[in-house]
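K.L.:
Got a structure for you, start37.cif, holding mmCIF, C-alpha atoms.
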```
data_my_file
loop_
_atom_site.label_atom_id
_atom_site.label_comp_id
_atom_site.auth_asym_id
_atom_site.auth_seq_id
_atom_site.Cartn_x
_atom_site.Cartn_y
_atom_site.Cartn_z
CA MET A 1 63.28 220.19 229.88
CA THR A 2 61.57 222.78 232.05
CA GLU A 3 58.25 223.78 230.48
CA ALA A 4 57.14 226.10 233.28
CA ASP A 5 58.76 227.61 236.36
CA ILE A 6 55.57 228.77 238.06
CA ALA A 7 52.14 227.19 238.51
CA VAL A 8 48.72 228.54 239.38
CA ILE A 9 46.26 225.99 240.78
CA GLY A 10 42.75 227.33 240.26
CA GLY A 11 39.99 226.86 242.83
CA SER A 12 36.19 226.83 242.68
CA GLY A 13 35.07 228.77 239.61
CA PHE A 14 38.66 229.43 238.51
CA TYR A 15 38.99 227.15 235.50
CA SER A 16 41.18 229.15 233.10
CA PHE A 17 44.00 231.66 233.40
CA LEU A 18 46.30 231.68 230.37
CA GLU A 19 45.76 233.10 226.90
CA ASP A 20 46.87 231.06 223.85
CA ALA A 21 47.74 228.16 226.12
CA GLU A 22 49.11 224.80 225.08
CA GLU A 23 47.80 221.75 226.90
CA ARG A 24 49.81 218.84 228.24
CA HIS A 25 48.34 215.53 229.32
CA VAL A 26 50.74 214.46 232.07
CA PRO A 27 50.62 210.84 233.27
CA THR A 28 51.91 210.27 236.80
CA PRO A 29 52.73 207.27 239.02
CA TYR A 30 49.73 208.33 241.13
CA GLY A 31 47.10 208.32 238.40
CA ASP A 32 45.69 211.18 236.40
CA PRO A 33 45.78 214.78 237.60
CA SER A 34 42.59 216.85 237.65
CA GLY A 35 42.95 217.51 233.94
CA PRO A 36 45.38 218.64 231.24
CA VAL A 37 47.92 221.23 232.36
CA ALA A 38 47.74 224.49 230.40
CA LEU A 39 51.09 226.15 229.58
CA GLY A 40 51.60 229.77 228.62
CA THR A 41 53.42 233.00 229.38
CA VAL A 42 52.58 235.68 231.94
CA ALA A 43 54.77 238.76 232.40
CA GLY A 44 57.54 236.99 230.48
CA ARG A 45 57.47 233.96 232.80
CA ARG A 46 56.54 230.43 231.79
CA VAL A 47 53.44 229.43 233.75
CA ALA A 48 51.44 226.23 234.15
CA PHE A 49 47.78 226.32 235.10
CA LEU A 50 45.74 223.46 236.55
CA PRO A 51 42.17 223.73 237.89
CA ARG A 52 42.26 221.57 241.01
CA HIS A 53 38.60 220.52 240.66
CA GLY A 54 38.90 219.85 236.91
CA ALA A 55 37.75 222.06 234.05
CA HIS A 56 34.06 221.47 234.85
CA HIS A 57 34.38 220.96 238.61
CA ALA A 58 34.22 217.19 238.28
CA PHE A 59 36.11 216.52 241.52
CA PRO A 60 34.80 217.50 244.97
CA PRO A 61 37.45 218.37 247.57
CA HIS A 62 37.80 214.88 249.02
CA ARG A 63 38.11 213.26 245.56
CA ILE A 64 40.85 215.45 244.08
CA ASN A 65 44.01 213.51 243.22
CA TYR A 66 46.32 215.91 245.03
CA ARG A 67 49.40 213.71 244.61
CA ALA A 68 48.95 213.44 240.86
CA ASN A 69 48.47 217.21 240.59
CA ALA A 70 51.63 217.97 242.57
CA TRP A 71 53.73 215.38 240.74
CA ALA A 72 52.51 216.53 237.31
CA LEU A 73 53.43 220.15 237.98
CA ARG A 74 56.87 219.24 239.33
CA SER A 75 57.52 217.01 236.32
CA LEU A 76 57.00 220.06 234.09
CA GLY A 77 59.68 221.92 236.05
CA VAL A 78 57.46 223.98 238.35
CA ARG A 79 59.25 225.27 241.46
CA GLN A 80 56.84 227.98 242.67
CA VAL A 81 53.09 227.55 243.15
CA LEU A 82 50.34 230.12 243.66
CA ALA A 83 47.18 228.50 244.99
CA PRO A 84 44.03 230.66 244.89
CA CYS A 85 41.12 229.18 246.82
CA ALA A 86 37.69 230.04 248.17
CA VAL A 87 37.42 230.30 251.96
CA GLY A 88 34.88 231.08 254.63
CA SER A 89 35.73 233.71 257.22
CA LEU A 90 35.76 232.90 260.93
CA THR A 91 36.04 236.54 261.97
CA PRO A 92 33.91 239.60 261.09
CA ASP A 93 37.11 241.53 260.33
CA LEU A 94 37.56 239.49 257.15
CA GLY A 95 34.38 240.08 255.17
CA PRO A 96 33.39 238.67 251.77
CA GLY A 97 35.70 239.91 249.03
CA THR A 98 38.77 240.09 251.30
CA VAL A 99 41.91 238.43 249.94
CA VAL A 100 44.08 236.80 252.61
CA VAL A 101 47.57 235.33 252.29
CA PRO A 102 47.59 232.95 255.28
CA ASP A 103 50.75 231.96 257.13
CA GLN A 104 49.44 228.93 259.05
CA LEU A 105 47.36 225.82 258.36
CA VAL A 106 45.41 223.36 260.53
CA ASP A 107 44.46 220.00 259.04
CA ARG A 108 41.04 218.61 259.95
CA THR A 109 40.69 216.30 256.93
CA HIS A 110 40.75 212.52 257.07
CA GLY A 111 41.32 209.66 254.66
CA ARG A 112 43.19 211.64 252.00
CA ALA A 113 46.49 210.46 250.49
CA ALA A 114 48.55 213.17 252.16
CA THR A 115 52.17 212.24 251.42
CA PHE A 116 54.48 210.76 248.81
CA VAL A 117 56.33 208.89 251.57
CA GLU A 118 55.35 205.23 251.54
CA THR A 119 58.44 203.63 253.08
CA GLY A 120 61.43 204.50 255.24
CA ALA A 121 62.26 207.55 257.36
CA CYS A 122 61.55 210.81 255.58
CA HIS A 123 59.94 213.56 257.67
CA VAL A 124 59.21 216.88 255.98
CA PRO A 125 59.46 220.06 258.11
CA PHE A 126 56.14 221.86 258.03
CA ALA A 127 56.14 224.30 260.95
CA ASP A 128 55.67 227.12 258.45
CA PRO A 129 53.53 225.62 255.67
CA TYR A 130 53.67 228.53 253.21
CA CYS A 131 56.66 230.01 251.41
CA PRO A 132 57.45 233.46 252.83
CA ARG A 133 59.10 234.60 249.59
CA VAL A 134 56.09 233.76 247.42
CA SER A 135 53.67 235.10 250.02
CA ASP A 136 55.59 238.40 250.14
CA ALA A 137 55.45 238.69 246.35
CA VAL A 138 51.66 238.30 246.42
CA LEU A 139 51.30 240.87 249.20
CA GLN A 140 53.58 243.37 247.48
CA ALA A 141 51.56 243.01 244.27
CA SER A 142 48.26 243.30 246.16
CA PRO A 143 48.31 246.16 248.69
CA ASP A 144 44.70 245.49 249.70
CA ALA A 145 45.39 241.85 250.65
CA THR A 146 45.57 240.83 254.31
CA ARG A 147 48.81 239.34 255.58
CA GLY A 148 48.70 236.25 257.76
CA GLY A 149 46.06 234.13 259.41
CA THR A 150 45.38 230.49 260.07
CA MET A 151 43.37 228.45 257.57
CA VAL A 152 41.69 225.33 258.93
CA VAL A 153 41.06 222.72 256.24
CA VAL A 154 37.99 220.52 256.71
CA GLU A 155 37.06 217.35 254.86
CA GLY A 156 33.92 218.57 253.09
CA PRO A 157 32.07 218.49 250.87
CA ARG A 158 29.55 219.69 253.46
CA PHE A 159 29.91 223.09 255.09
CA SER A 160 30.56 223.37 258.83
CA THR A 161 27.89 223.24 261.50
CA ARG A 162 27.49 226.37 263.63
CA ALA A 163 29.12 224.59 266.57
CA GLU A 164 32.12 223.56 264.45
CA SER A 165 32.50 227.06 263.06
CA GLN A 166 32.32 228.60 266.54
CA HIS A 167 34.88 226.07 267.78
CA TYR A 168 37.33 226.95 265.00
CA ALA A 169 36.90 230.67 265.68
CA ALA A 170 37.47 230.12 269.40
CA GLN A 171 40.89 228.61 268.60
CA GLY A 172 41.89 231.91 266.99
CA TRP A 173 41.74 230.51 263.45
CA SER A 174 40.57 232.96 260.80
CA LEU A 175 39.64 231.00 257.65
CA VAL A 176 38.01 227.67 256.76
CA ASN A 177 38.63 225.80 253.51
CA MET A 178 38.33 222.29 252.00
CA THR A 179 41.34 221.94 249.65
CA GLY A 180 44.42 223.46 251.31
CA HIS A 181 45.54 220.11 252.72
CA PRO A 182 47.24 217.95 251.52
CA GLU A 183 48.04 220.30 248.62
CA ALA A 184 50.46 222.43 250.64
CA VAL A 185 52.43 219.58 252.20
CA LEU A 186 52.71 217.72 248.90
CA ALA A 187 54.21 220.84 247.34
CA ARG A 188 56.75 220.93 250.18
CA GLU A 189 57.61 217.27 249.56
CA MET A 190 58.09 218.18 245.89
CA GLN A 191 60.50 220.91 247.08
CA GLN A 192 58.29 223.67 245.71
CA CYS A 193 57.64 227.15 247.09
CA TYR A 194 53.88 227.30 247.73
CA ALA A 195 51.55 230.06 248.89
CA ALA A 196 47.78 230.10 249.29
CA VAL A 197 45.83 233.11 248.02
CA ALA A 198 42.50 232.90 249.84
CA LEU A 199 39.42 234.80 248.67
CA VAL A 200 36.77 235.14 251.38
CA THR A 201 33.44 234.21 249.83
CA ASP A 202 31.26 234.10 252.95
CA LEU A 203 31.04 234.44 256.70
CA ASP A 204 31.05 230.92 258.08
CA ALA A 205 27.99 229.49 259.79
CA GLY A 206 29.09 230.38 263.31
CA LEU A 207 29.10 234.09 262.44
CA GLU A 208 25.74 234.15 260.67
CA SER A 209 22.11 233.79 261.54
CA GLY A 210 19.64 232.33 259.06
CA SER A 211 20.38 229.27 256.97
CA GLY A 212 24.19 229.55 256.96
CA VAL A 213 26.52 229.23 253.99
CA SER A 214 25.20 228.19 250.56
CA GLN A 215 27.02 226.94 247.47
CA ASP A 216 25.36 229.59 245.28
CA GLU A 217 26.65 232.33 247.58
CA VAL A 218 30.22 231.02 247.45
CA PHE A 219 30.33 230.56 243.67
CA ALA A 220 28.71 233.95 242.97
CA LEU A 221 31.16 235.85 245.16
CA PHE A 222 34.14 234.06 243.64
CA ALA A 223 32.90 234.76 240.11
CA ALA A 224 32.44 238.46 240.92
CA ASN A 225 36.08 238.68 242.03
CA LEU A 226 37.65 236.43 239.41
CA GLU A 227 39.11 239.12 237.14
CA ARG A 228 40.51 240.95 240.16
CA LEU A 229 42.12 237.72 241.35
CA ARG A 230 43.60 237.02 237.91
CA GLY A 231 45.15 240.49 237.86
CA MET A 232 46.64 240.04 241.33
CA LEU A 233 48.19 236.73 240.36
CA ALA A 234 49.66 238.16 237.15
CA ASP A 235 51.21 241.05 239.10
CA ALA A 236 52.65 238.61 241.64
CA ILE A 237 54.09 236.36 238.92
CA ALA A 238 55.95 239.34 237.47
CA THR A 239 57.79 239.88 240.77
CA LEU A 240 58.36 236.35 242.07
CA PRO A 241 61.95 235.98 243.30
CA ASP A 242 64.44 233.32 242.25
CA PRO A 243 63.57 230.18 244.26
CA ASP A 244 67.18 229.03 244.51
CA GLY A 245 68.24 228.61 248.10
CA CYS A 246 64.74 228.83 249.56
CA THR A 247 64.16 226.56 252.56
CA CYS A 248 61.12 225.12 250.75
CA ALA A 249 63.62 223.17 248.64
CA THR A 250 66.77 223.02 250.75
CA TRP A 251 65.02 221.15 253.61
CA ALA A 252 65.84 217.96 251.72
CA ASP A 253 69.58 218.63 251.46
CA GLY A 254 71.41 215.72 253.04
CA ILE A 255 68.25 213.63 253.37
CA GLU A 256 67.78 210.43 251.38
CA LEU A 257 64.27 210.83 250.02
CA THR A 258 62.25 207.61 249.80
CA TYR A 259 60.14 208.86 246.90
CA GLU A 260 60.82 210.31 243.46
CA VAL A 261 60.98 214.05 242.78
CA PRO A 262 60.72 214.25 238.99
#
```
Go ahead and render the structure in this file as structure tokens.
P.N.:
Amino acid sequence: MTEADIAVIGGSGFYSFLEDAEERHVPTPYGDPSGPVALGTVAGRRVAFLPRHGAHHAFPPHRINYRANAWALRSLGVRQVLAPCAVGSLTPDLGPGTVVVPDQLVDRTHGRAATFVETGACHVPFADPYCPRVSDAVLQASPDATRGGTMVVVEGPRFSTRAESQHYAAQGWSLVNMTGHPEAVLAREMQQCYAAVALVTDLDAGLESGSGVSQDEVFALFAANLERLRGMLADAIATLPDPDGCTCATWADGIELTYEVP
């Protein structure tokens, strides 16, 4: 039975979303997810909420069980995912407090379990990593959000050096983050429509003088924008389109998957 159609995966400082929520402990073949999944209703839609770092930020970016999180949400029936996250800006045009809905991703992580495929031939298309339908719904609900941009995902938990930050900016990339991969590709393998909703919390080290980015700065900026972000997500949920027929799911038509989609 479908318990939720839509999921919100909360980032740093975003540990709750739903009122009067029920909690589900969801075991998975990949171990435990980041915590219990909260279930509730937003704008008449059934929504699941999972803080990717755990309720008390127990899991740093490189220790999150991304596969368990993705599998748990799909097992509850989730087909569309909104993924708010904290990001650093690689361009002065995107200052702190800007919300960006990126359209491209670059993976610079290493050592993470980044796929459900463990045997056989099963290659997921990922040229466009984010669902255009879900992204459009977020942008229509949030007129002040910025459309498009490339988010480079680094391993963490450390912040970038100035040289790294300047290198990323020189490639034309606009945002830097620590959790967007493998979360996005695992959602695609689970045949879910997925969009990142990136809140700029700082100018990355290559754009700043002084001591560079600090954790306190990032968390404080995210906290100051949390209610705004919650409102944007609720407005987007109210207008999300029917996922039937979206290429995020139909890519697997005619392919014999070598892993289970619950």
K.L.:
Have a look at A:Val152, A:Val261, A:Ala86, A:Ala236 and name the one nearest to Gln140 in chain A; count all atoms listed in the file.
P.N.:
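Using all atoms listed in the file, the shortest distance to Gln140 in chain A belongs to A:Ala236.
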K.L.:
Can you turn the PyMOL selection byres ((chain A and resi 237) around 10) into a concrete residue list for this file, as a ChimeraX atom specification?
P.N.:
/A:6-8,42-47,80-82,134,137-138,141,231-236,238-241
K.L.:
Excluding Tyr259 in chain A and residues on its chain fewer than 2 positions from it, collect all residues at most 10 Å away from it, counting all atoms listed in the file, and give them as a PyMOL selection string.
P.N.:
chain A and resi 115-120+122+189-190+256-257+261-262
K.L.:
Hey, can you spit out that residue selection with C-alpha atoms as a tab-separated table (two decimals), keeping the file's coordinate frame?
P.N.:
```tsv
chain	number	residue	atom	x	y	z
A	115	THR	CA	52.17	212.24	251.42
A	116	PHE	CA	54.48	210.76	248.81
A	117	VAL	CA	56.33	208.89	251.57
A	118	GLU	CA	55.35	205.23	251.54
A	119	THR	CA	58.44	203.63	253.08
A	120	GLY	CA	61.43	204.50	255.24
A	122	CYS	CA	61.55	210.81	255.58
A	189	GLU	CA	57.61	217.27	249.56
A	190	MET	CA	58.09	218.18	245.89
A	256	GLU	CA	67.78	210.43	251.38
A	257	LEU	CA	64.27	210.83	250.02
A	261	VAL	CA	60.98	214.05	242.78
A	262	PRO	CA	60.72	214.25	238.99
```
K.L.:
Just give me the gap between CA of Cys85 in chain A and CA of Pro243 in chain A in Å, one decimal is fine.
P.N.:
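The value is 22.6 Å.
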K.L.:
Calculated over only C-alpha atoms, which of the candidates A:Gly111, A:Val101, A:Arg230, A:Gly254 has the smallest distance to Val200 in chain A?
P.N.:
A:Val101
K.L.:
From the list A:Pro132, A:Pro60, A:Pro29, A:Gly180, which residue is nearest Ala83 in chain A when using only C-alpha atoms?
P.N.:
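Closest to Ala83 in chain A of all the choices is A:Gly180.
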K.L.:
Work out where the centre of an axis-aligned box around every listed atom of range 92-102 of chain A lies and how long its edges are once 3 Å is added on each side; give both in Å to one decimal as lines of an AutoDock Vina configuration file.
P.N.:
```
center_x = 40.5
center_y = 237.2
center_z = 255.1
size_x = 20.2
size_y = 14.6
size_z = 18.1
```
K.L.:
Please identify all polymer residues within 8 Å of Ala145 in chain A, counting all atoms listed in the file, omitting same-chain residues fewer than 2 positions from it, and present them as a PyMOL selection string.
P.N.:
chain A and resi 98-101+139+142-143+147
K.L.:
Excluding Arg74 in chain A and its own-chain neighbours fewer than 2 positions away, which residues fall within 9 Å of it when counting all atoms listed in the file? Please give them as a list in words.
P.N.:
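Returned residues: Asn69, Ala70, Trp71, Ala72, Leu76, Gly77, Val78, Arg79, Ala187, Met190, Gln191, Gln192, Val261 and Pro262 of chain A.
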K.L.:
For the selection just defined, write its residues with C-alpha atoms to a file, as a PDB file, in the coordinates of the input.
P.N.:
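Full text of selection_9.pdb as output:
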```
ATOM      1  CA  ASN A  69      48.470 217.210 240.590  1.00  0.00           C
ATOM      2  CA  ALA A  70      51.630 217.970 242.570  1.00  0.00           C
ATOM      3  CA  TRP A  71      53.730 215.380 240.740  1.00  0.00           C
ATOM      4  CA  ALA A  72      52.510 216.530 237.310  1.00  0.00           C
ATOM      5  CA  LEU A  76      57.000 220.060 234.090  1.00  0.00           C
ATOM      6  CA  GLY A  77      59.680 221.920 236.050  1.00  0.00           C
ATOM      7  CA  VAL A  78      57.460 223.980 238.350  1.00  0.00           C
ATOM      8  CA  ARG A  79      59.250 225.270 241.460  1.00  0.00           C
ATOM      9  CA  ALA A 187      54.210 220.840 247.340  1.00  0.00           C
ATOM     10  CA  MET A 190      58.090 218.180 245.890  1.00  0.00           C
ATOM     11  CA  GLN A 191      60.500 220.910 247.080  1.00  0.00           C
ATOM     12  CA  GLN A 192      58.290 223.670 245.710  1.00  0.00           C
ATOM     13  CA  VAL A 261      60.980 214.050 242.780  1.00  0.00           C
ATOM     14  CA  PRO A 262      60.720 214.250 238.990  1.00  0.00           C
TER      15      PRO A 262
END
```
K.L.:
Could I see range 20-31 of chain A restored to all heavy atoms, set down as a PDB file, keeping the file's coordinate frame?
P.N.:
```pdb
ATOM      1  N   ASP A  20      46.093 231.810 224.861  1.00  0.00           N
ATOM      2  CA  ASP A  20      46.870 231.060 223.850  1.00  0.00           C
ATOM      3  C   ASP A  20      47.672 229.933 224.497  1.00  0.00           C
ATOM      4  O   ASP A  20      48.859 229.737 224.200  1.00  0.00           O
ATOM      5  CB  ASP A  20      47.806 231.999 223.075  1.00  0.00           C
ATOM      6  CG  ASP A  20      47.054 233.115 222.373  1.00  0.00           C
ATOM      7  OD1 ASP A  20      45.972 232.837 221.833  1.00  0.00           O
ATOM      8  OD2 ASP A  20      47.536 234.263 222.390  1.00  0.00           O
ATOM      9  N   ALA A  21      47.040 229.203 225.381  1.00  0.00           N
ATOM     10  CA  ALA A  21      47.740 228.160 226.120  1.00  0.00           C
ATOM     11  C   ALA A  21      47.871 226.878 225.309  1.00  0.00           C
ATOM     12  O   ALA A  21      47.013 226.554 224.483  1.00  0.00           O
ATOM     13  CB  ALA A  21      47.003 227.868 227.425  1.00  0.00           C
ATOM     14  N   GLU A  22      48.957 226.165 225.565  1.00  0.00           N
ATOM     15  CA  GLU A  22      49.110 224.800 225.080  1.00  0.00           C
ATOM     16  C   GLU A  22      48.717 223.862 226.209  1.00  0.00           C
ATOM     17  O   GLU A  22      48.912 224.182 227.376  1.00  0.00           O
ATOM     18  CB  GLU A  22      50.569 224.525 224.692  1.00  0.00           C
ATOM     19  CG  GLU A  22      51.209 225.551 223.793  1.00  0.00           C
ATOM     20  CD  GLU A  22      52.725 225.359 223.781  1.00  0.00           C
ATOM     21  OE1 GLU A  22      53.182 224.201 223.737  1.00  0.00           O
ATOM     22  OE2 GLU A  22      53.429 226.383 223.847  1.00  0.00           O
ATOM     23  N   GLU A  23      48.192 222.701 225.866  1.00  0.00           N
ATOM     24  CA  GLU A  23      47.800 221.750 226.900  1.00  0.00           C
ATOM     25  C   GLU A  23      48.708 220.531 226.896  1.00  0.00           C
ATOM     26  O   GLU A  23      49.132 220.058 225.837  1.00  0.00           O
ATOM     27  CB  GLU A  23      46.341 221.306 226.710  1.00  0.00           C
ATOM     28  CG  GLU A  23      45.329 222.366 227.077  1.00  0.00           C
ATOM     29  CD  GLU A  23      43.917 221.806 227.201  1.00  0.00           C
ATOM     30  OE1 GLU A  23      43.680 220.673 226.731  1.00  0.00           O
ATOM     31  OE2 GLU A  23      43.066 222.496 227.791  1.00  0.00           O
ATOM     32  N   ARG A  24      49.018 220.055 228.074  1.00  0.00           N
ATOM     33  CA  ARG A  24      49.810 218.840 228.240  1.00  0.00           C
ATOM     34  C   ARG A  24      49.015 217.829 229.065  1.00  0.00           C
ATOM     35  O   ARG A  24      48.531 218.153 230.146  1.00  0.00           O
ATOM     36  CB  ARG A  24      51.114 219.134 228.972  1.00  0.00           C
ATOM     37  CG  ARG A  24      52.095 219.982 228.199  1.00  0.00           C
ATOM     38  CD  ARG A  24      52.823 219.179 227.121  1.00  0.00           C
ATOM     39  NE  ARG A  24      53.861 219.991 226.522  1.00  0.00           N
ATOM     40  CZ  ARG A  24      53.653 220.877 225.548  1.00  0.00           C
ATOM     41  NH1 ARG A  24      52.423 221.051 225.079  1.00  0.00           N
ATOM     42  NH2 ARG A  24      54.652 221.581 225.065  1.00  0.00           N
ATOM     43  N   HIS A  25      48.888 216.629 228.546  1.00  0.00           N
ATOM     44  CA  HIS A  25      48.340 215.530 229.320  1.00  0.00           C
ATOM     45  C   HIS A  25      49.526 214.853 230.012  1.00  0.00           C
ATOM     46  O   HIS A  25      50.410 214.317 229.341  1.00  0.00           O
ATOM     47  CB  HIS A  25      47.586 214.543 228.419  1.00  0.00           C
ATOM     48  CG  HIS A  25      46.347 215.126 227.812  1.00  0.00           C
ATOM     49  ND1 HIS A  25      45.105 214.993 228.394  1.00  0.00           N
ATOM     50  CD2 HIS A  25      46.170 215.855 226.687  1.00  0.00           C
ATOM     51  CE1 HIS A  25      44.202 215.612 227.648  1.00  0.00           C
ATOM     52  NE2 HIS A  25      44.816 216.147 226.611  1.00  0.00           N
ATOM     53  N   VAL A  26      49.565 214.908 231.318  1.00  0.00           N
ATOM     54  CA  VAL A  26      50.740 214.460 232.070  1.00  0.00           C
ATOM     55  C   VAL A  26      50.397 213.217 232.881  1.00  0.00           C
ATOM     56  O   VAL A  26      49.732 213.311 233.917  1.00  0.00           O
ATOM     57  CB  VAL A  26      51.259 215.567 233.006  1.00  0.00           C
ATOM     58  CG1 VAL A  26      52.556 215.125 233.672  1.00  0.00           C
ATOM     59  CG2 VAL A  26      51.458 216.875 232.246  1.00  0.00           C
ATOM     60  N   PRO A  27      50.840 212.037 232.444  1.00  0.00           N
ATOM     61  CA  PRO A  27      50.620 210.840 233.270  1.00  0.00           C
ATOM     62  C   PRO A  27      51.543 210.874 234.480  1.00  0.00           C
ATOM     63  O   PRO A  27      52.644 211.438 234.432  1.00  0.00           O
ATOM     64  CB  PRO A  27      50.998 209.699 232.318  1.00  0.00           C
ATOM     65  CG  PRO A  27      51.965 210.311 231.349  1.00  0.00           C
ATOM     66  CD  PRO A  27      51.558 211.746 231.190  1.00  0.00           C
ATOM     67  N   THR A  28      51.095 210.288 235.586  1.00  0.00           N
ATOM     68  CA  THR A  28      51.910 210.270 236.800  1.00  0.00           C
ATOM     69  C   THR A  28      51.854 208.883 237.430  1.00  0.00           C
ATOM     70  O   THR A  28      50.934 208.105 237.149  1.00  0.00           O
ATOM     71  CB  THR A  28      51.419 211.299 237.842  1.00  0.00           C
ATOM     72  OG1 THR A  28      50.391 210.712 238.656  1.00  0.00           O
ATOM     73  CG2 THR A  28      50.902 212.574 237.196  1.00  0.00           C
ATOM     74  N   PRO A  29      52.789 208.554 238.310  1.00  0.00           N
ATOM     75  CA  PRO A  29      52.730 207.270 239.020  1.00  0.00           C
ATOM     76  C   PRO A  29      51.543 207.171 239.969  1.00  0.00           C
ATOM     77  O   PRO A  29      51.271 206.099 240.502  1.00  0.00           O
ATOM     78  CB  PRO A  29      54.047 207.255 239.820  1.00  0.00           C
ATOM     79  CG  PRO A  29      54.924 208.265 239.185  1.00  0.00           C
ATOM     80  CD  PRO A  29      54.018 209.316 238.628  1.00  0.00           C
ATOM     81  N   TYR A  30      50.827 208.283 240.174  1.00  0.00           N
ATOM     82  CA  TYR A  30      49.730 208.330 241.130  1.00  0.00           C
ATOM     83  C   TYR A  30      48.372 208.451 240.453  1.00  0.00           C
ATOM     84  O   TYR A  30      47.377 208.743 241.105  1.00  0.00           O
ATOM     85  CB  TYR A  30      49.957 209.496 242.106  1.00  0.00           C
ATOM     86  CG  TYR A  30      51.310 209.401 242.764  1.00  0.00           C
ATOM     87  CD1 TYR A  30      52.405 210.082 242.249  1.00  0.00           C
ATOM     88  CD2 TYR A  30      51.502 208.570 243.858  1.00  0.00           C
ATOM     89  CE1 TYR A  30      53.665 209.956 242.828  1.00  0.00           C
ATOM     90  CE2 TYR A  30      52.755 208.434 244.439  1.00  0.00           C
ATOM     91  CZ  TYR A  30      53.829 209.125 243.913  1.00  0.00           C
ATOM     92  OH  TYR A  30      55.075 208.983 244.493  1.00  0.00           O
ATOM     93  N   GLY A  31      48.344 208.188 239.147  1.00  0.00           N
ATOM     94  CA  GLY A  31      47.100 208.320 238.400  1.00  0.00           C
ATOM     95  C   GLY A  31      47.037 209.645 237.671  1.00  0.00           C
ATOM     96  O   GLY A  31      48.032 210.370 237.550  1.00  0.00           O
TER      97      GLY A  31
END
```
